[in-house]
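Notes to accompany the following structure.
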Amino acid sequence: MTAVSEKAKQLRSVGRIVAPPPVHWVGDGFRVHGFLPHGPLNVERMSPFFLLDYNAKYNFPPSTNLLGVGPHPHRGFETVTIAYRGKVAHHDSRGGGGAIGEGDVQWMTAGSGLLHKEYHEEQFNREGGEFQMVQLWVNLPAKDKMTEPKYQAITNAEMGRFELPEGGYVEVIAGEYEDVKGPASTFSPVHLYNLKPKAGTSLTLSFPSHYTTAILAIEGSATLNGEKKLLTNNLVVFENDGEEFTVTADEDSVLLLMAGEPLNQPIAQYGPFLMNTNAEIAQAIDDFNQGKFGYLAD
């Protein structure tokens, strides 16, 4: 009886399940559901994750105009772009950039500030096709907000991979799963996985109870803790009342898992700047206007 009670206390319960918010466009190349920060979820509650834009499957026709978002500044956080379908390219004013294809990740640390632009990779833009992407903003701890910008290009082949005994596997982008580590370096504890279980496969995940933990269903659907359903394109946020929870694939699925230690720091945000105080926001705007973020051609 005691063992059962202890196990029950450790179970992390399913919290809010959020249907995809209404679509909006970022530039002319990204048709996204903005789960964060303007959806129903509280940004302090979701720390260290601040923004979650999801470009659900969408077929772009061929175009002679390069689709995307032109040069714009960032300071104080990291952008993580995960390509599921299609190809996307990036360039920044510090010389970072390149193209990523299906299964790859771009992890850009804006830090003290840079300009960057994101757009459809040129061949994909000319030919068109199915496009599916996630962009996540990971906030930086206060002590690291002015760190030197950097860029991590992570190919699918570089990701950690754990084969699930019942079928399927887990791709580890950041953090670790069952002692398999991901290649991304982070400034605070962050776990980012693509769970790819086959239909009927169950897996148990465990994180410290205070970690923010969420799953976005990219493909397929799953049953959580044996009772709650997570449907395609929906996001679940777990409560902070335990450590372990179970995910059972109802069909072959792709599930993006995000877990991270909250930063517990003030948030001040204005457009592409994410800092701790309004004075830091004002300084970011001033630095941008003075050209301190560098130069990047359209």
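Labeling convention for the structure tokens: chains A, B, ... as they appear, residues from 1 per chain, ligands from 1 in order of appearance.
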For this session: For Thr212 in chain A, list every protein, DNA or RNA residue within 10 Å, evaluated using only C-alpha atoms, and leave out those in the same chain fewer than 4 positions away; present the list as a ChimeraX atom specification.
Result: /A:45-49,190,207-208,237-240,258-262
For this session: as a PyMOL selection string, list the residues of range 225-298 of chain A assigned to alpha helix (DSSP H) by DSSP on the backbone atoms of this structure.
Result: chain A and resi 278-289
Could you write those residues out with all heavy atoms, as a PDB file, in the first residue's frame?
```pdb
ATOM      1  N   ASN A 278      12.649  47.193 -17.992  1.00  0.00           N
ATOM      2  CA  ASN A 278      12.305  48.147 -19.048  1.00  0.00           C
ATOM      3  C   ASN A 278      13.513  48.989 -19.448  1.00  0.00           C
ATOM      4  O   ASN A 278      13.641  49.398 -20.603  1.00  0.00           O
ATOM      5  CB  ASN A 278      11.159  49.046 -18.589  1.00  0.00           C
ATOM      6  CG  ASN A 278       9.837  48.288 -18.533  1.00  0.00           C
ATOM      7  OD1 ASN A 278       9.640  47.317 -19.270  1.00  0.00           O
ATOM      8  ND2 ASN A 278       8.941  48.719 -17.659  1.00  0.00           N
ATOM      9  N   ALA A 279      14.408  49.255 -18.486  1.00  0.00           N
ATOM     10  CA  ALA A 279      15.611  50.011 -18.808  1.00  0.00           C
ATOM     11  C   ALA A 279      16.488  49.229 -19.799  1.00  0.00           C
ATOM     12  O   ALA A 279      17.082  49.819 -20.716  1.00  0.00           O
ATOM     13  CB  ALA A 279      16.398  50.303 -17.533  1.00  0.00           C
ATOM     14  N   GLU A 280      16.552  47.918 -19.645  1.00  0.00           N
ATOM     15  CA  GLU A 280      17.322  47.086 -20.578  1.00  0.00           C
ATOM     16  C   GLU A 280      16.670  47.060 -21.963  1.00  0.00           C
ATOM     17  O   GLU A 280      17.364  47.021 -22.979  1.00  0.00           O
ATOM     18  CB  GLU A 280      17.461  45.670 -20.033  1.00  0.00           C
ATOM     19  CG  GLU A 280      18.368  45.569 -18.821  1.00  0.00           C
ATOM     20  CD  GLU A 280      18.326  44.196 -18.171  1.00  0.00           C
ATOM     21  OE1 GLU A 280      17.317  43.477 -18.317  1.00  0.00           O
ATOM     22  OE2 GLU A 280      19.316  43.850 -17.496  1.00  0.00           O
ATOM     23  N   ILE A 281      15.344  47.103 -21.992  1.00  0.00           N
ATOM     24  CA  ILE A 281      14.636  47.187 -23.275  1.00  0.00           C
ATOM     25  C   ILE A 281      14.970  48.508 -23.963  1.00  0.00           C
ATOM     26  O   ILE A 281      15.271  48.552 -25.167  1.00  0.00           O
ATOM     27  CB  ILE A 281      13.113  47.045 -23.077  1.00  0.00           C
ATOM     28  CG1 ILE A 281      12.751  45.628 -22.607  1.00  0.00           C
ATOM     29  CG2 ILE A 281      12.363  47.411 -24.351  1.00  0.00           C
ATOM     30  CD1 ILE A 281      12.964  44.539 -23.628  1.00  0.00           C
ATOM     31  N   ALA A 282      14.930  49.599 -23.195  1.00  0.00           N
ATOM     32  CA  ALA A 282      15.255  50.913 -23.770  1.00  0.00           C
ATOM     33  C   ALA A 282      16.679  50.933 -24.305  1.00  0.00           C
ATOM     34  O   ALA A 282      16.952  51.503 -25.371  1.00  0.00           O
ATOM     35  CB  ALA A 282      15.054  51.994 -22.707  1.00  0.00           C
ATOM     36  N   GLN A 283      17.598  50.288 -23.592  1.00  0.00           N
ATOM     37  CA  GLN A 283      18.988  50.231 -24.046  1.00  0.00           C
ATOM     38  C   GLN A 283      19.098  49.407 -25.334  1.00  0.00           C
ATOM     39  O   GLN A 283      19.850  49.772 -26.245  1.00  0.00           O
ATOM     40  CB  GLN A 283      19.868  49.605 -22.963  1.00  0.00           C
ATOM     41  CG  GLN A 283      21.353  49.595 -23.300  1.00  0.00           C
ATOM     42  CD  GLN A 283      21.934  50.982 -23.405  1.00  0.00           C
ATOM     43  OE1 GLN A 283      21.865  51.761 -22.445  1.00  0.00           O
ATOM     44  NE2 GLN A 283      22.498  51.329 -24.562  1.00  0.00           N
ATOM     45  N   ALA A 284      18.341  48.317 -25.412  1.00  0.00           N
ATOM     46  CA  ALA A 284      18.363  47.490 -26.626  1.00  0.00           C
ATOM     47  C   ALA A 284      17.878  48.283 -27.834  1.00  0.00           C
ATOM     48  O   ALA A 284      18.468  48.221 -28.917  1.00  0.00           O
ATOM     49  CB  ALA A 284      17.505  46.239 -26.423  1.00  0.00           C
ATOM     50  N   ILE A 285      16.809  49.042 -27.648  1.00  0.00           N
ATOM     51  CA  ILE A 285      16.274  49.854 -28.741  1.00  0.00           C
ATOM     52  C   ILE A 285      17.299  50.900 -29.168  1.00  0.00           C
ATOM     53  O   ILE A 285      17.539  51.123 -30.360  1.00  0.00           O
ATOM     54  CB  ILE A 285      14.950  50.519 -28.317  1.00  0.00           C
ATOM     55  CG1 ILE A 285      13.878  49.441 -28.087  1.00  0.00           C
ATOM     56  CG2 ILE A 285      14.483  51.528 -29.360  1.00  0.00           C
ATOM     57  CD1 ILE A 285      12.608  49.971 -27.434  1.00  0.00           C
ATOM     58  N   ASP A 286      17.929  51.530 -28.174  1.00  0.00           N
ATOM     59  CA  ASP A 286      18.942  52.548 -28.475  1.00  0.00           C
ATOM     60  C   ASP A 286      20.136  51.937 -29.211  1.00  0.00           C
ATOM     61  O   ASP A 286      20.626  52.500 -30.199  1.00  0.00           O
ATOM     62  CB  ASP A 286      19.388  53.222 -27.177  1.00  0.00           C
ATOM     63  CG  ASP A 286      20.281  54.430 -27.432  1.00  0.00           C
ATOM     64  OD1 ASP A 286      19.886  55.314 -28.213  1.00  0.00           O
ATOM     65  OD2 ASP A 286      21.389  54.478 -26.861  1.00  0.00           O
ATOM     66  N   ASP A 287      20.592  50.783 -28.739  1.00  0.00           N
ATOM     67  CA  ASP A 287      21.724  50.114 -29.391  1.00  0.00           C
ATOM     68  C   ASP A 287      21.381  49.722 -30.825  1.00  0.00           C
ATOM     69  O   ASP A 287      22.218  49.858 -31.732  1.00  0.00           O
ATOM     70  CB  ASP A 287      22.131  48.866 -28.599  1.00  0.00           C
ATOM     71  CG  ASP A 287      22.815  49.205 -27.284  1.00  0.00           C
ATOM     72  OD1 ASP A 287      23.187  50.369 -27.082  1.00  0.00           O
ATOM     73  OD2 ASP A 287      22.959  48.284 -26.450  1.00  0.00           O
ATOM     74  N   PHE A 288      20.165  49.252 -31.031  1.00  0.00           N
ATOM     75  CA  PHE A 288      19.733  48.898 -32.383  1.00  0.00           C
ATOM     76  C   PHE A 288      19.731  50.127 -33.284  1.00  0.00           C
ATOM     77  O   PHE A 288      20.240  50.096 -34.417  1.00  0.00           O
ATOM     78  CB  PHE A 288      18.351  48.249 -32.339  1.00  0.00           C
ATOM     79  CG  PHE A 288      17.710  48.095 -33.692  1.00  0.00           C
ATOM     80  CD1 PHE A 288      18.247  47.225 -34.635  1.00  0.00           C
ATOM     81  CD2 PHE A 288      16.585  48.835 -34.030  1.00  0.00           C
ATOM     82  CE1 PHE A 288      17.661  47.089 -35.883  1.00  0.00           C
ATOM     83  CE2 PHE A 288      15.997  48.692 -35.274  1.00  0.00           C
ATOM     84  CZ  PHE A 288      16.537  47.825 -36.205  1.00  0.00           C
ATOM     85  N   ASN A 289      19.176  51.224 -32.778  1.00  0.00           N
ATOM     86  CA  ASN A 289      19.105  52.448 -33.583  1.00  0.00           C
ATOM     87  C   ASN A 289      20.490  53.013 -33.896  1.00  0.00           C
ATOM     88  O   ASN A 289      20.671  53.692 -34.909  1.00  0.00           O
ATOM     89  CB  ASN A 289      18.265  53.502 -32.846  1.00  0.00           C
ATOM     90  CG  ASN A 289      16.784  53.164 -32.849  1.00  0.00           C
ATOM     91  OD1 ASN A 289      16.307  52.470 -33.746  1.00  0.00           O
ATOM     92  ND2 ASN A 289      16.047  53.650 -31.858  1.00  0.00           N
TER      93      ASN A 289
END
```
What lies within 6 Å of range 172-185 of chain A using only C-alpha atoms, ignoring chain neighbours under 5 positions off, as a compact mmCIF listing (two decimals) with N, CA, C and O atoms, in the first residue's frame?
```txt
# COMPACT_ATOMS: atom_id res chain seq x y z
N MET A 159 21.84 14.08 -33.81
CA MET A 159 21.02 14.00 -32.60
C MET A 159 21.23 12.66 -31.90
O MET A 159 21.52 11.64 -32.52
N GLY A 160 21.08 12.69 -30.57
CA GLY A 160 21.08 11.45 -29.83
C GLY A 160 19.86 10.61 -30.21
O GLY A 160 18.82 11.17 -30.59
N VAL A 190 17.67 22.39 -20.09
CA VAL A 190 16.58 22.26 -21.08
C VAL A 190 16.67 20.87 -21.71
O VAL A 190 17.75 20.43 -22.09
N HIS A 191 15.53 20.20 -21.79
CA HIS A 191 15.43 18.93 -22.51
C HIS A 191 14.48 19.14 -23.68
O HIS A 191 13.36 19.64 -23.51
N LEU A 192 14.94 18.78 -24.87
CA LEU A 192 14.13 18.93 -26.06
C LEU A 192 14.27 17.65 -26.88
O LEU A 192 15.38 17.29 -27.29
N TYR A 193 13.15 16.93 -27.04
CA TYR A 193 13.16 15.64 -27.75
C TYR A 193 12.08 15.62 -28.81
O TYR A 193 11.01 16.21 -28.64
```
Exercise. Near range 70-75 of chain A, counting only C-alpha atoms, which residues have an atom at most 8 Å away, once you skip same-chain residues fewer than 2 positions from it, shown as a PyMOL selection string?
Worked result: chain A and resi 27+68+77+110-119+145-146+272-275+284+288+293+296-298
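For the set A:Ala83, A:Leu164, A:Ala99, A:Ile17, the residue with the smallest atom-to-atom gap to Leu216 in chain A is A:Ile17, counting only C-alpha atoms.
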Exercise. Leaving out Pro197 in chain A and any residue of its chain fewer than 2 positions from it, which residues lie within 6 Å of it when counting only C-alpha atoms, given as number ranges by chain?
Worked result: A: 168-169, 201, 253
Grab the residues selected above and save them as a PDB file, in the first residue's frame with N, CA and C atoms.
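Produced file out.pdb, reproduced below:
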```pdb
ATOM      1  N   GLY A 168       9.796   2.252 -32.371  1.00  0.00           N
ATOM      2  CA  GLY A 168      10.027   3.681 -32.512  1.00  0.00           C
ATOM      3  C   GLY A 168      11.286   4.102 -31.776  1.00  0.00           C
ATOM      4  N   TYR A 169      11.470   5.414 -31.635  1.00  0.00           N
ATOM      5  CA  TYR A 169      12.692   5.910 -31.011  1.00  0.00           C
ATOM      6  C   TYR A 169      12.477   7.335 -30.509  1.00  0.00           C
ATOM      7  N   THR A 201       3.058   1.903 -28.605  1.00  0.00           N
ATOM      8  CA  THR A 201       4.253   2.003 -27.768  1.00  0.00           C
ATOM      9  C   THR A 201       4.020   2.975 -26.612  1.00  0.00           C
ATOM     10  N   SER A 253       3.490   8.237 -34.251  1.00  0.00           N
ATOM     11  CA  SER A 253       3.401   9.651 -33.875  1.00  0.00           C
ATOM     12  C   SER A 253       4.757  10.335 -33.840  1.00  0.00           C
TER      13      SER A 253
END
```
For this session: Check the smallest atom-to-atom distance from each of A:Thr204, A:Ala249, A:Leu256, A:Asn233 to Arg12 in chain A using only C-alpha atoms, then report the winner.
Result: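 Selected residue with least distance to Arg12 in chain A: A:Thr204.
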Exercise. Pick the closest to His33 in chain A from A:Val88, A:Ile267, A:Leu235, A:Ile215: which is it, counting only C-alpha atoms?
Worked result: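 When distances to His33 in chain A are compared using only C-alpha atoms, the smallest one comes from A:Leu235.
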For this session: Identify, on the basis of only C-alpha atoms, every residue whose closest approach to Ser202 in chain A does not exceed 10 Å; exclude the query and any residue fewer than 5 positions from it along the same chain; express the result as a PyMOL selection string.
Result: chain A and resi 164-167+197+222-226+246-250
Got time to write the residues from that selection, N, CA and C atoms, as a short mmCIF file (atom, residue, chain, number, x, y, z; two decimals), in the first residue's frame?
```cif
data_model
loop_
_atom_site.label_atom_id
_atom_site.label_comp_id
_atom_site.auth_asym_id
_atom_site.auth_seq_id
_atom_site.Cartn_x
_atom_site.Cartn_y
_atom_site.Cartn_z
N LEU A 164 13.24 2.67 -28.74
CA LEU A 164 12.23 2.23 -27.79
C LEU A 164 11.97 0.73 -27.96
N PRO A 165 12.00 -0.03 -26.88
CA PRO A 165 11.85 -1.48 -26.98
C PRO A 165 10.57 -1.93 -27.68
N GLU A 166 9.49 -1.15 -27.52
CA GLU A 166 8.20 -1.55 -28.11
C GLU A 166 8.04 -1.07 -29.55
N GLY A 167 8.94 -0.22 -30.02
CA GLY A 167 8.86 0.27 -31.39
C GLY A 167 8.95 1.78 -31.47
N PRO A 197 7.27 7.37 -31.23
CA PRO A 197 6.83 6.00 -30.93
C PRO A 197 5.93 5.44 -32.02
N ALA A 222 -1.79 10.69 -28.93
CA ALA A 222 -1.30 9.87 -27.82
C ALA A 222 -2.25 9.95 -26.64
N THR A 223 -2.12 8.95 -25.76
CA THR A 223 -2.85 8.94 -24.49
C THR A 223 -1.84 9.20 -23.38
N LEU A 224 -2.17 10.15 -22.52
CA LEU A 224 -1.26 10.59 -21.46
C LEU A 224 -1.72 10.02 -20.12
N ASN A 225 -0.80 9.40 -19.41
CA ASN A 225 -1.11 8.78 -18.11
C ASN A 225 -2.29 7.82 -18.18
N GLY A 226 -2.49 7.22 -19.36
CA GLY A 226 -3.53 6.22 -19.52
C GLY A 226 -4.93 6.76 -19.58
N THR A 246 3.36 9.09 -18.31
CA THR A 246 3.46 8.13 -19.41
C THR A 246 2.81 8.69 -20.67
N VAL A 247 3.37 8.29 -21.79
CA VAL A 247 2.86 8.66 -23.12
C VAL A 247 2.70 7.36 -23.90
N THR A 248 1.49 7.11 -24.39
CA THR A 248 1.22 5.92 -25.20
C THR A 248 0.72 6.37 -26.56
N ALA A 249 1.42 5.97 -27.61
CA ALA A 249 1.05 6.39 -28.96
C ALA A 249 -0.21 5.65 -29.41
N ASP A 250 -1.23 6.40 -29.81
CA ASP A 250 -2.44 5.80 -30.36
C ASP A 250 -2.24 5.39 -31.81
#
```
Problem set entry | All residues 9 Å or closer to Asn55 in chain A, only C-alpha atoms, same chain fewer than 3 positions away omitted, as a ChimeraX atom specification | /A:23,30-34,58,131-135
Restricting the output to C-alpha atoms, write the selected residues as an mmCIF file, in the first residue's frame.
```cif
data_model
loop_
_atom_site.group_PDB
_atom_site.id
_atom_site.type_symbol
_atom_site.label_atom_id
_atom_site.label_comp_id
_atom_site.auth_asym_id
_atom_site.auth_seq_id
_atom_site.Cartn_x
_atom_site.Cartn_y
_atom_site.Cartn_z
ATOM 1 C CA VAL A 23 -3.409 31.205 -37.646
ATOM 2 C CA PHE A 30 5.483 31.240 -42.018
ATOM 3 C CA ARG A 31 1.813 30.436 -41.366
ATOM 4 C CA VAL A 32 1.793 29.777 -37.651
ATOM 5 C CA HIS A 33 -0.326 28.914 -34.647
ATOM 6 C CA GLY A 34 1.086 31.083 -31.852
ATOM 7 C CA TYR A 58 0.838 23.740 -45.182
ATOM 8 C CA PHE A 131 6.095 22.888 -45.035
ATOM 9 C CA GLN A 132 5.997 22.168 -41.295
ATOM 10 C CA MET A 133 8.149 23.924 -38.706
ATOM 11 C CA VAL A 134 8.364 24.848 -35.036
ATOM 12 C CA GLN A 135 10.106 27.919 -33.667
#
```
Problem set entry | Among listed residues A:Val26, A:Leu203, A:Leu231, A:Ala217, nearest Glu244 in chain A (using only C-alpha atoms) |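 Checking each candidate against Glu244 in chain A, we get A:Leu203 as the closest.
Here CA of Ala268 in chain A and CA of Pro22 in chain A stand 25.1 Å from one another.
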